[in-house]
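Colleague: My structure file model_4.cif, mmCIF, C-alpha atoms and all ligand atoms, is below:
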data_run
#
loop_
_atom_site.group_PDB
_atom_site.id
_atom_site.type_symbol
_atom_site.label_atom_id
_atom_site.label_comp_id
_atom_site.auth_asym_id
_atom_site.auth_seq_id
_atom_site.Cartn_x
_atom_site.Cartn_y
_atom_site.Cartn_z
ATOM 1 C CA MET P 3 -6.101 -19.773 21.560
ATOM 2 C CA ASP P 4 -9.400 -19.375 19.818
ATOM 3 C CA GLY P 5 -10.521 -16.112 21.298
ATOM 4 C CA ASN P 6 -12.446 -17.689 24.164
ATOM 5 C CA ASN P 7 -10.284 -15.772 26.586
ATOM 6 C CA THR P 8 -11.595 -12.434 25.350
ATOM 7 C CA MET P 9 -14.911 -10.721 25.941
ATOM 8 C CA PHE P 10 -15.332 -9.904 22.265
ATOM 9 C CA GLU P 11 -16.159 -11.609 19.009
ATOM 10 C CA LEU P 12 -16.026 -10.457 15.392
ATOM 11 C CA ILE P 13 -19.188 -9.097 13.811
ATOM 12 C CA ASN P 14 -21.045 -11.664 11.674
ATOM 13 C CA ASP P 15 -19.827 -10.297 8.345
ATOM 14 C CA LEU P 16 -16.232 -11.015 9.407
ATOM 15 C CA LYS P 17 -16.640 -14.197 11.431
ATOM 16 C CA ASP P 18 -14.724 -16.402 8.922
ATOM 17 C CA ILE P 19 -11.709 -14.103 8.748
ATOM 18 C CA ARG P 20 -8.264 -15.638 9.377
ATOM 19 C CA LEU P 21 -6.162 -12.927 7.718
ATOM 20 C CA ALA P 22 -6.563 -9.188 8.312
ATOM 21 C CA ILE P 23 -4.641 -6.836 6.012
ATOM 22 C CA PHE P 24 -4.361 -3.272 7.269
ATOM 23 C CA ASP P 25 -3.494 -0.161 5.346
ATOM 24 C CA LEU P 26 -1.409 2.082 7.626
ATOM 25 C CA ASP P 27 -1.935 5.806 6.921
ATOM 26 C CA GLY P 28 -5.518 6.681 7.777
ATOM 27 C CA VAL P 29 -6.279 3.302 9.371
ATOM 28 C CA ILE P 30 -3.656 2.660 12.087
ATOM 29 C CA TYR P 31 -2.228 6.164 12.332
ATOM 30 C CA ARG P 32 -2.395 9.530 10.712
ATOM 31 C CA GLY P 33 1.018 11.143 10.404
ATOM 32 C CA ASP P 34 2.624 10.695 13.819
ATOM 33 C CA THR P 35 -0.634 10.140 15.670
ATOM 34 C CA LEU P 36 -2.140 6.745 16.488
ATOM 35 C CA ILE P 37 -5.807 6.490 15.535
ATOM 36 C CA PRO P 38 -7.546 5.903 18.896
ATOM 37 C CA ASN P 39 -7.782 2.190 19.859
ATOM 38 C CA ALA P 40 -6.069 0.926 16.692
ATOM 39 C CA ASP P 41 -3.441 -0.736 18.924
ATOM 40 C CA LYS P 42 -6.110 -2.491 20.996
ATOM 41 C CA ILE P 43 -7.982 -3.691 17.918
ATOM 42 C CA ILE P 44 -4.795 -5.160 16.401
ATOM 43 C CA LYS P 45 -4.166 -6.998 19.664
ATOM 44 C CA GLU P 46 -7.748 -8.255 19.702
ATOM 45 C CA PHE P 47 -7.329 -9.700 16.189
ATOM 46 C CA LYS P 48 -4.156 -11.491 17.297
ATOM 47 C CA ASP P 49 -5.916 -12.797 20.436
ATOM 48 C CA HIS P 50 -8.457 -14.341 18.063
ATOM 49 C CA SER P 51 -5.568 -16.114 16.224
ATOM 50 C CA ILE P 52 -6.098 -13.966 13.137
ATOM 51 C CA LYS P 53 -2.951 -13.250 11.114
ATOM 52 C CA VAL P 54 -2.314 -9.496 10.915
ATOM 53 C CA VAL P 55 -0.240 -7.920 8.119
ATOM 54 C CA TYR P 56 0.180 -4.387 6.820
ATOM 55 C CA ASN P 57 -0.024 -3.228 3.205
ATOM 56 C CA SER P 58 0.971 0.381 2.610
ATOM 57 C CA ASN P 59 1.492 2.318 -0.604
ATOM 58 C CA ASN P 60 4.049 4.496 1.166
ATOM 59 C CA SER P 61 7.482 3.551 -0.225
ATOM 60 C CA THR P 62 9.545 6.077 1.749
ATOM 61 C CA ALA P 63 10.370 3.995 4.839
ATOM 62 C CA THR P 64 12.013 0.591 5.219
ATOM 63 C CA ARG P 65 10.016 -2.241 6.719
ATOM 64 C CA GLN P 66 12.321 -2.142 9.768
ATOM 65 C CA THR P 67 11.336 1.501 10.262
ATOM 66 C CA TYR P 68 7.669 0.490 10.204
ATOM 67 C CA VAL P 69 8.341 -2.119 12.913
ATOM 68 C CA GLU P 70 9.821 0.637 15.083
ATOM 69 C CA ARG P 71 7.041 3.097 14.228
ATOM 70 C CA LEU P 72 4.371 0.613 15.307
ATOM 71 C CA LYS P 73 6.344 -0.260 18.440
ATOM 72 C CA ASN P 74 6.066 3.407 19.439
ATOM 73 C CA PHE P 75 2.298 2.942 19.223
ATOM 74 C CA ASN P 76 2.486 -0.232 21.377
ATOM 75 C CA ILE P 77 1.912 -2.525 18.388
ATOM 76 C CA GLU P 78 4.321 -5.474 18.129
ATOM 77 C CA SER P 79 5.241 -6.559 14.601
ATOM 78 C CA GLU P 80 7.976 -8.151 12.486
ATOM 79 C CA VAL P 81 9.593 -7.027 9.225
ATOM 80 C CA SER P 82 7.831 -9.881 7.400
ATOM 81 C CA ASP P 83 4.432 -8.472 8.458
ATOM 82 C CA PHE P 84 4.879 -5.499 6.113
ATOM 83 C CA TYR P 85 4.117 -5.351 2.397
ATOM 84 C CA THR P 86 4.958 -1.837 1.271
ATOM 85 C CA SER P 87 4.770 -0.644 -2.316
ATOM 86 C CA ALA P 88 8.590 -0.590 -2.111
ATOM 87 C CA SER P 89 8.937 -4.237 -1.017
ATOM 88 C CA ILE P 90 6.244 -5.366 -3.485
ATOM 89 C CA THR P 91 7.939 -3.439 -6.307
ATOM 90 C CA SER P 92 11.296 -4.960 -5.426
ATOM 91 C CA ALA P 93 9.879 -8.507 -5.411
ATOM 92 C CA GLU P 94 8.081 -7.995 -8.732
ATOM 93 C CA ILE P 95 11.058 -6.292 -10.428
ATOM 94 C CA THR P 96 13.241 -9.237 -9.394
ATOM 95 C CA LYS P 97 10.885 -11.548 -11.325
ATOM 96 C CA ILE P 98 11.531 -9.421 -14.422
ATOM 97 C CA LYS P 99 15.313 -9.171 -14.011
ATOM 98 C CA ARG P 100 17.823 -10.157 -11.336
ATOM 99 C CA SER P 101 20.734 -7.881 -10.339
ATOM 100 C CA ALA P 102 19.374 -4.958 -12.353
ATOM 101 C CA LYS P 103 20.881 -1.479 -12.558
ATOM 102 C CA ILE P 104 18.240 0.950 -11.411
ATOM 103 C CA PHE P 105 17.784 4.707 -11.248
ATOM 104 C CA VAL P 106 15.392 5.622 -8.448
ATOM 105 C CA ILE P 107 13.244 8.653 -7.871
ATOM 106 C CA GLY P 108 12.260 7.884 -4.311
ATOM 107 C CA GLU P 109 13.492 7.568 -0.774
ATOM 108 C CA ILE P 110 15.472 5.184 1.411
ATOM 109 C CA GLY P 111 12.607 2.686 1.733
ATOM 110 C CA LEU P 112 12.527 2.003 -1.987
ATOM 111 C CA ARG P 113 16.315 2.002 -2.422
ATOM 112 C CA THR P 114 16.824 -0.348 0.540
ATOM 113 C CA GLU P 115 14.202 -2.864 -0.619
ATOM 114 C CA LEU P 116 15.737 -2.971 -4.117
ATOM 115 C CA GLN P 117 19.267 -3.384 -2.757
ATOM 116 C CA PHE P 118 18.036 -6.066 -0.345
ATOM 117 C CA LEU P 119 17.075 -8.255 -3.328
ATOM 118 C CA GLY P 120 20.425 -7.721 -5.046
ATOM 119 C CA HIS P 121 19.813 -4.778 -7.358
ATOM 120 C CA THR P 122 22.257 -1.897 -7.812
ATOM 121 C CA ILE P 123 21.084 1.672 -7.424
ATOM 122 C CA ILE P 124 22.936 4.022 -9.759
ATOM 123 C CA ALA P 125 22.630 7.535 -8.335
ATOM 124 C CA GLU P 126 24.579 9.402 -11.015
ATOM 125 C CA PRO P 127 24.711 7.358 -14.195
ATOM 126 C CA THR P 128 27.612 8.093 -16.512
ATOM 127 C CA ASN P 129 26.267 5.661 -19.096
ATOM 128 C CA TYR P 130 22.497 6.090 -19.491
ATOM 129 C CA LYS P 131 22.287 3.000 -21.683
ATOM 130 C CA GLU P 132 23.272 0.666 -18.823
ATOM 131 C CA ILE P 133 20.224 1.555 -16.696
ATOM 132 C CA ASP P 134 17.630 -1.254 -16.857
ATOM 133 C CA PHE P 135 14.842 0.404 -14.920
ATOM 134 C CA VAL P 136 13.720 3.810 -13.717
ATOM 135 C CA ILE P 137 11.524 3.266 -10.676
ATOM 136 C CA VAL P 138 9.486 6.121 -9.250
ATOM 137 C CA GLY P 139 8.031 6.379 -5.755
ATOM 138 C CA LEU P 140 7.230 9.162 -3.335
ATOM 139 C CA ASP P 141 10.219 11.511 -3.035
ATOM 140 C CA ARG P 142 9.819 14.331 -0.518
ATOM 141 C CA ASP P 143 13.107 15.778 -1.760
ATOM 142 C CA PHE P 144 12.051 15.634 -5.427
ATOM 143 C CA LYS P 145 14.592 17.379 -7.665
ATOM 144 C CA TYR P 146 14.484 18.697 -11.220
ATOM 145 C CA SER P 147 17.990 17.320 -11.820
ATOM 146 C CA ASN P 148 16.881 13.772 -10.924
ATOM 147 C CA LEU P 149 13.831 14.097 -13.136
ATOM 148 C CA ALA P 150 16.178 15.082 -15.987
ATOM 149 C CA ILE P 151 18.335 11.983 -15.375
ATOM 150 C CA ALA P 152 15.272 9.715 -15.307
ATOM 151 C CA GLN P 153 14.015 11.302 -18.520
ATOM 152 C CA LYS P 154 17.381 10.704 -20.209
ATOM 153 C CA CYS P 155 17.598 7.061 -19.027
ATOM 154 C CA ILE P 156 14.229 6.412 -20.668
ATOM 155 C CA LEU P 157 14.448 8.548 -23.810
ATOM 156 C CA GLU P 158 18.159 8.210 -24.665
ATOM 157 C CA GLY P 159 18.821 4.910 -22.915
ATOM 158 C CA ASN P 160 16.898 1.657 -22.710
ATOM 159 C CA ALA P 161 15.434 2.031 -19.230
ATOM 160 C CA LYS P 162 11.919 0.744 -18.594
ATOM 161 C CA PHE P 163 9.650 2.980 -16.501
ATOM 162 C CA TYR P 164 7.976 1.471 -13.417
ATOM 163 C CA ALA P 165 6.327 3.022 -10.368
ATOM 164 C CA THR P 166 5.561 1.979 -6.811
ATOM 165 C CA ASN P 167 2.172 3.731 -6.708
ATOM 166 C CA ALA P 168 0.342 6.722 -8.071
ATOM 167 C CA ASP P 169 -1.493 8.098 -5.027
ATOM 168 C CA SER P 170 -2.382 11.730 -5.661
ATOM 169 C CA THR P 171 -2.059 12.710 -2.008
ATOM 170 C CA LEU P 172 -0.383 11.623 1.213
ATOM 171 C CA PRO P 173 -2.396 11.999 4.421
ATOM 172 C CA VAL P 174 -0.400 13.650 7.201
ATOM 173 C CA ALA P 175 -1.313 14.597 10.767
ATOM 174 C CA ARG P 176 -3.234 17.635 9.556
ATOM 175 C CA GLY P 177 -4.530 17.470 6.014
ATOM 176 C CA LEU P 178 -2.819 16.254 2.894
ATOM 177 C CA LYS P 179 0.518 16.542 1.114
ATOM 178 C CA PRO P 180 1.434 15.636 -2.479
ATOM 179 C CA GLY P 181 1.662 11.886 -3.142
ATOM 180 C CA ALA P 182 3.842 9.680 -5.382
ATOM 181 C CA GLY P 183 1.481 10.243 -8.306
ATOM 182 C CA VAL P 184 2.920 13.738 -8.628
ATOM 183 C CA MET P 185 6.416 12.331 -9.324
ATOM 184 C CA VAL P 186 5.011 9.643 -11.624
ATOM 185 C CA ASN P 187 3.095 12.254 -13.603
ATOM 186 C CA ALA P 188 6.168 14.486 -13.868
ATOM 187 C CA LEU P 189 8.093 11.677 -15.566
ATOM 188 C CA LYS P 190 5.086 10.778 -17.730
ATOM 189 C CA THR P 191 4.887 14.370 -18.884
ATOM 190 C CA CYS P 192 8.526 14.739 -19.876
ATOM 191 C CA THR P 193 8.867 11.305 -21.526
ATOM 192 C CA GLY P 194 5.432 10.913 -23.100
ATOM 193 C CA LYS P 195 5.393 7.395 -21.633
ATOM 194 C CA GLU P 196 3.166 5.657 -19.123
ATOM 195 C CA PRO P 197 4.758 3.480 -16.453
ATOM 196 C CA ILE P 198 4.814 -0.111 -17.741
ATOM 197 C CA ARG P 199 3.403 -1.188 -14.409
ATOM 198 C CA ILE P 200 2.482 0.328 -11.062
ATOM 199 C CA PHE P 201 3.007 -2.272 -8.352
ATOM 200 C CA GLY P 202 1.206 -0.812 -5.326
ATOM 201 C CA LYS P 203 -2.519 -0.575 -4.735
ATOM 202 C CA PRO P 204 -4.959 -0.470 -6.604
ATOM 203 C CA GLU P 205 -3.084 -3.277 -8.349
ATOM 204 C CA PRO P 206 -3.635 -6.574 -6.511
ATOM 205 C CA PHE P 207 0.031 -7.728 -6.595
ATOM 206 C CA GLY P 208 0.608 -7.036 -2.901
ATOM 207 C CA ILE P 209 -2.540 -8.795 -1.707
ATOM 208 C CA GLU P 210 -1.815 -11.763 -3.966
ATOM 209 C CA MET P 211 1.694 -11.939 -2.474
ATOM 210 C CA ILE P 212 0.218 -11.881 1.041
ATOM 211 C CA LEU P 213 -2.324 -14.637 0.247
ATOM 212 C CA ASN P 214 0.455 -16.713 -1.271
ATOM 213 C CA ASP P 215 2.841 -16.199 1.670
ATOM 214 C CA THR P 216 0.209 -16.908 4.337
ATOM 215 C CA LYS P 217 -1.523 -19.740 2.405
ATOM 216 C CA ILE P 218 -4.866 -18.264 3.412
ATOM 217 C CA SER P 219 -7.639 -18.267 0.816
ATOM 218 C CA THR P 220 -9.545 -15.245 -0.441
ATOM 219 C CA GLU P 221 -12.780 -16.014 1.426
ATOM 220 C CA ASN P 222 -10.906 -15.891 4.756
ATOM 221 C CA ALA P 223 -9.136 -12.590 4.070
ATOM 222 C CA VAL P 224 -10.097 -8.954 4.534
ATOM 223 C CA ILE P 225 -8.455 -5.601 3.836
ATOM 224 C CA PHE P 226 -9.115 -2.526 5.966
ATOM 225 C CA GLY P 227 -8.394 0.671 4.089
ATOM 226 C CA ASP P 228 -9.330 4.335 4.106
ATOM 227 C CA ARG P 229 -8.921 5.012 0.387
ATOM 228 C CA LEU P 230 -11.418 3.677 -2.146
ATOM 229 C CA ASN P 231 -9.289 4.109 -5.281
ATOM 230 C CA THR P 232 -6.369 2.145 -3.828
ATOM 231 C CA ASP P 233 -7.207 -0.106 -0.842
ATOM 232 C CA ILE P 234 -10.763 -1.013 -1.761
ATOM 233 C CA ILE P 235 -10.155 -1.506 -5.497
ATOM 234 C CA ALA P 236 -7.094 -3.667 -4.751
ATOM 235 C CA GLY P 237 -9.096 -5.810 -2.313
ATOM 236 C CA ASN P 238 -12.028 -6.190 -4.695
ATOM 237 C CA ARG P 239 -9.710 -7.088 -7.584
ATOM 238 C CA ALA P 240 -7.953 -9.683 -5.431
ATOM 239 C CA GLY P 241 -11.345 -11.117 -4.460
ATOM 240 C CA ILE P 242 -11.081 -10.640 -0.702
ATOM 241 C CA LYS P 243 -13.479 -8.871 1.648
ATOM 242 C CA THR P 244 -13.135 -5.084 1.717
ATOM 243 C CA VAL P 245 -13.810 -2.765 4.636
ATOM 244 C CA ALA P 246 -13.640 1.012 4.301
ATOM 245 C CA VAL P 247 -12.682 2.739 7.544
ATOM 246 C CA LEU P 248 -13.700 6.397 7.709
ATOM 247 C CA THR P 249 -10.725 7.534 9.811
ATOM 248 C CA GLY P 250 -8.750 8.674 6.758
ATOM 249 C CA VAL P 251 -9.476 10.276 3.403
ATOM 250 C CA THR P 252 -12.943 8.853 2.628
ATOM 251 C CA THR P 253 -16.292 10.110 3.904
ATOM 252 C CA MET P 254 -19.712 8.431 4.048
ATOM 253 C CA GLU P 255 -20.992 10.995 1.520
ATOM 254 C CA MET P 256 -18.393 9.818 -1.024
ATOM 255 C CA ILE P 257 -19.497 6.201 -0.614
ATOM 256 C CA ASP P 258 -23.228 7.061 -0.743
ATOM 257 C CA GLU P 259 -22.666 9.004 -3.947
ATOM 258 C CA LEU P 260 -20.902 6.020 -5.546
ATOM 259 C CA LYS P 261 -23.671 3.642 -4.488
ATOM 260 C CA ASN P 262 -26.340 5.981 -5.877
ATOM 261 C CA LYS P 263 -24.808 6.035 -9.315
ATOM 262 C CA SER P 264 -23.885 2.328 -9.330
ATOM 263 C CA GLU P 265 -26.931 1.546 -11.560
ATOM 264 C CA ASN P 266 -25.120 2.567 -14.735
ATOM 265 C CA SER P 267 -21.551 2.297 -13.508
ATOM 266 C CA THR P 268 -18.580 0.500 -14.990
ATOM 267 C CA ILE P 269 -16.782 -2.432 -13.351
ATOM 268 C CA SER P 270 -14.022 -0.109 -12.180
ATOM 269 C CA ASP P 271 -16.617 2.117 -10.456
ATOM 270 C CA ARG P 272 -18.176 -0.901 -8.766
ATOM 271 C CA ASN P 273 -14.728 -2.004 -7.557
ATOM 272 C CA LEU P 274 -14.581 1.260 -5.598
ATOM 273 C CA ILE P 275 -17.466 0.144 -3.386
ATOM 274 C CA PRO P 276 -16.439 -1.643 -0.181
ATOM 275 C CA ASN P 277 -18.338 -4.655 1.201
ATOM 276 C CA ILE P 278 -18.539 -3.001 4.610
ATOM 277 C CA VAL P 279 -18.183 0.592 5.829
ATOM 278 C CA ILE P 280 -17.233 1.398 9.421
ATOM 279 C CA GLN P 281 -16.618 4.718 11.142
ATOM 280 C CA LYS P 282 -13.700 3.263 13.119
ATOM 281 C CA LEU P 283 -11.985 -0.084 13.642
ATOM 282 C CA ASP P 284 -13.693 -0.584 17.026
ATOM 283 C CA GLU P 285 -16.874 -1.572 15.182
ATOM 284 C CA VAL P 286 -15.483 -4.926 13.985
ATOM 285 C CA PHE P 287 -15.781 -6.501 17.445
ATOM 286 C CA LYS P 288 -18.907 -6.873 19.548
ATOM 287 C CA LYS P 289 -19.403 -8.099 23.108
ATOM 288 C CA LYS P 290 -20.029 -11.846 23.331
HETATM 289 MG MG MG L 301 -4.441 4.968 3.733
#
Any chance you could give the structure as structure tokens?
Ligand SMILES: [Mg+2]

Modeller:
Amino acid sequence: MDGNNTMFELINDLKDIRLAIFDLDGVIYRGDTLIPNADKIIKEFKDHSIKVVYNSNNSTATRQTYVERLKNFNIESEVSDFYTSASITSAEITKIKRSAKIFVIGEIGLRTELQFLGHTIIAEPTNYKEIDFVIVGLDRDFKYSNLAIAQKCILEGNAKFYATNADSTLPVARGLKPGAGVMVNALKTCTGKEPIRIFGKPEPFGIEMILNDTKISTENAVIFGDRLNTDIIAGNRAGIKTVAVLTGVTTMEMIDELKNKSENSTISDRNLIPNIVIQKLDEVFKKK
């Protein structure tokens, strides 16, 4: 199939695309609600033989859960289509140490991905010195007692501090809730230490993993994201095309403001600016 069986073609700016990476929250759905037509657009990409994968900073759910979540929205997918900050963290941590003992501030998604690659999660350490890593992700049941354990593993033990992501907020069906950055900052505050590395966006680890797994080169890849300081920076750092979709946390005013001050801006400011801005995903296809 080369797309000849559909009535649509990609807009010129995206005509060389063979890999489309989608952020989830704010691009495909918001909370429990599908963003209108996102399912149809995903199908259209696949009908054009474009590889579709998903790259989310949300570490709370397992990749299998994401498969089921998308199925409820009529989007077919496989576990291997998902690169969450939890699965990326687990893959990167495994490069640092195999079969590590880990204390987690986070949810089932992060714990499952770490266990899947052979690590042991220690929920109530008796010996703080045996913990190799403290890994922090979004924890919607965040507890003072767990923060105290994490603090002790780092300050009294030898544990190295890593994080899945540092998003300040989490978009939900209506408005925003606190993001993983709140937990990361709590541990920073009580240890006086920065995480050694944050594996999710805006770091490019996930996109680099996707490019490597799919063997598709940067000029044929695009990321669709709603958040400039994660999705768009990560895409720009990885050297792929970046599209901001205004169905999530970013508005046109925010992008205009960035562009207006780009004269005397730093590289990190310029990395916030997407190559393309669209109101909704529907705009990437036009009638033949
Ligand atoms: Mg998002």

Colleague: For this structure, which residues satisfy the selection - the PyMOL selection byres (((chain P and resi 200-211) around 10) and not hetatm) - when it is evaluated on the file as given? I want them as a ChimeraX atom specification.

Modeller: /P:23,56-61,85-95,137-139,163-169,186,196-199,212-217,219-220,223-225,229-242,273-274

Colleague: Running the PyMOL selection byres (((chain P and resi 33) around 9) and not hetatm) on this model by hand, what would come out? Give it as a compact mmCIF listing (two decimals) with C-alpha atoms, keeping the file's coordinate frame.

Modeller:
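As written to disk, result17.txt reads:
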# COMPACT_ATOMS: atom_id res chain seq x y z
CA ASP P 27 -1.94 5.81 6.92
CA GLY P 28 -5.52 6.68 7.78
CA TYR P 31 -2.23 6.16 12.33
CA ARG P 32 -2.40 9.53 10.71
CA ASP P 34 2.62 10.70 13.82
CA THR P 35 -0.63 10.14 15.67
CA LEU P 36 -2.14 6.74 16.49
CA PRO P 173 -2.40 12.00 4.42
CA VAL P 174 -0.40 13.65 7.20
CA ALA P 175 -1.31 14.60 10.77
CA ARG P 176 -3.23 17.64 9.56

Colleague: Could you give me, as an MDAnalysis selection string, the residues within 12 Å of P:Thr191, counting only C-alpha atoms and dropping anything in the same chain fewer than 4 positions from it?

Modeller: chainID P and resid 149:150 152:153 183:187 195:197

Colleague: Any idea what's packed within 10 Å of P:Val54, counting all atoms listed in the file, ignoring anything in its chain fewer than 3 positions away? Could you give it as a list in words?

Modeller: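 Here the qualifying residues turn out to be Arg20, Leu21, Ala22, Ile23, Phe24, Ile44, Lys45, Phe47, Lys48, Ser51, Ser79, Asp83 and Phe84 of chain P.
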
Colleague: Residues within 10 Å of P:Tyr68, please, as a ChimeraX atom specification. Count all atoms listed in the file; anything in the same chain fewer than 2 positions from it doesn't count.

Modeller: /P:26,56,63-66,70-74,79-81,83-84,86

Colleague: For each of P:Ala125, P:Val136, P:Ile156, P:Ala40, take the minimum atom-to-atom distance to P:Thr249, counting all atoms listed in the file, then give the residue where this is smallest.

Modeller: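 Using all atoms listed in the file, the shortest distance to P:Thr249 belongs to P:Ala40.
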
Colleague: To test your reading of the syntax: which residues would the PyMOL selection byres (((chain P and resi 155) around 10) and not hetatm) return for the file shown? Reply as an MDAnalysis selection string.

Modeller: chainID P and resid 104:105 127 129:136 149:154 156:163

Colleague: Could you complete stretch 223-234 of chain P so that it carries N, CA and C atoms, and give it back as a short mmCIF file (atom, residue, chain, number, x, y, z; two decimals), in the frame of the given file?

Modeller:
data_model
loop_
_atom_site.label_atom_id
_atom_site.label_comp_id
_atom_site.auth_asym_id
_atom_site.auth_seq_id
_atom_site.Cartn_x
_atom_site.Cartn_y
_atom_site.Cartn_z
N ALA P 223 -10.01 -13.76 3.96
CA ALA P 223 -9.14 -12.59 4.07
C ALA P 223 -9.92 -11.29 3.92
N VAL P 224 -9.44 -10.27 4.59
CA VAL P 224 -10.10 -8.95 4.53
C VAL P 224 -9.03 -7.86 4.49
N ILE P 225 -9.33 -6.78 3.77
CA ILE P 225 -8.46 -5.60 3.84
C ILE P 225 -9.23 -4.44 4.46
N PHE P 226 -8.57 -3.74 5.38
CA PHE P 226 -9.12 -2.53 5.97
C PHE P 226 -8.36 -1.34 5.38
N GLY P 227 -9.07 -0.46 4.70
CA GLY P 227 -8.39 0.67 4.09
C GLY P 227 -9.24 1.92 4.17
N ASP P 228 -8.58 3.07 4.05
CA ASP P 228 -9.33 4.34 4.11
C ASP P 228 -9.52 4.93 2.72
N ARG P 229 -8.85 4.37 1.69
CA ARG P 229 -8.92 5.01 0.39
C ARG P 229 -9.57 4.06 -0.63
N LEU P 230 -10.65 4.53 -1.23
CA LEU P 230 -11.42 3.68 -2.15
C LEU P 230 -10.62 3.34 -3.40
N ASN P 231 -9.93 4.35 -3.98
CA ASN P 231 -9.29 4.11 -5.28
C ASN P 231 -7.94 3.41 -5.17
N THR P 232 -7.56 3.01 -3.97
CA THR P 232 -6.37 2.14 -3.83
C THR P 232 -6.75 0.89 -3.03
N ASP P 233 -6.98 1.05 -1.72
CA ASP P 233 -7.21 -0.11 -0.84
C ASP P 233 -8.40 -0.95 -1.27
N ILE P 234 -9.52 -0.28 -1.51
CA ILE P 234 -10.76 -1.01 -1.76
C ILE P 234 -10.75 -1.64 -3.16
#
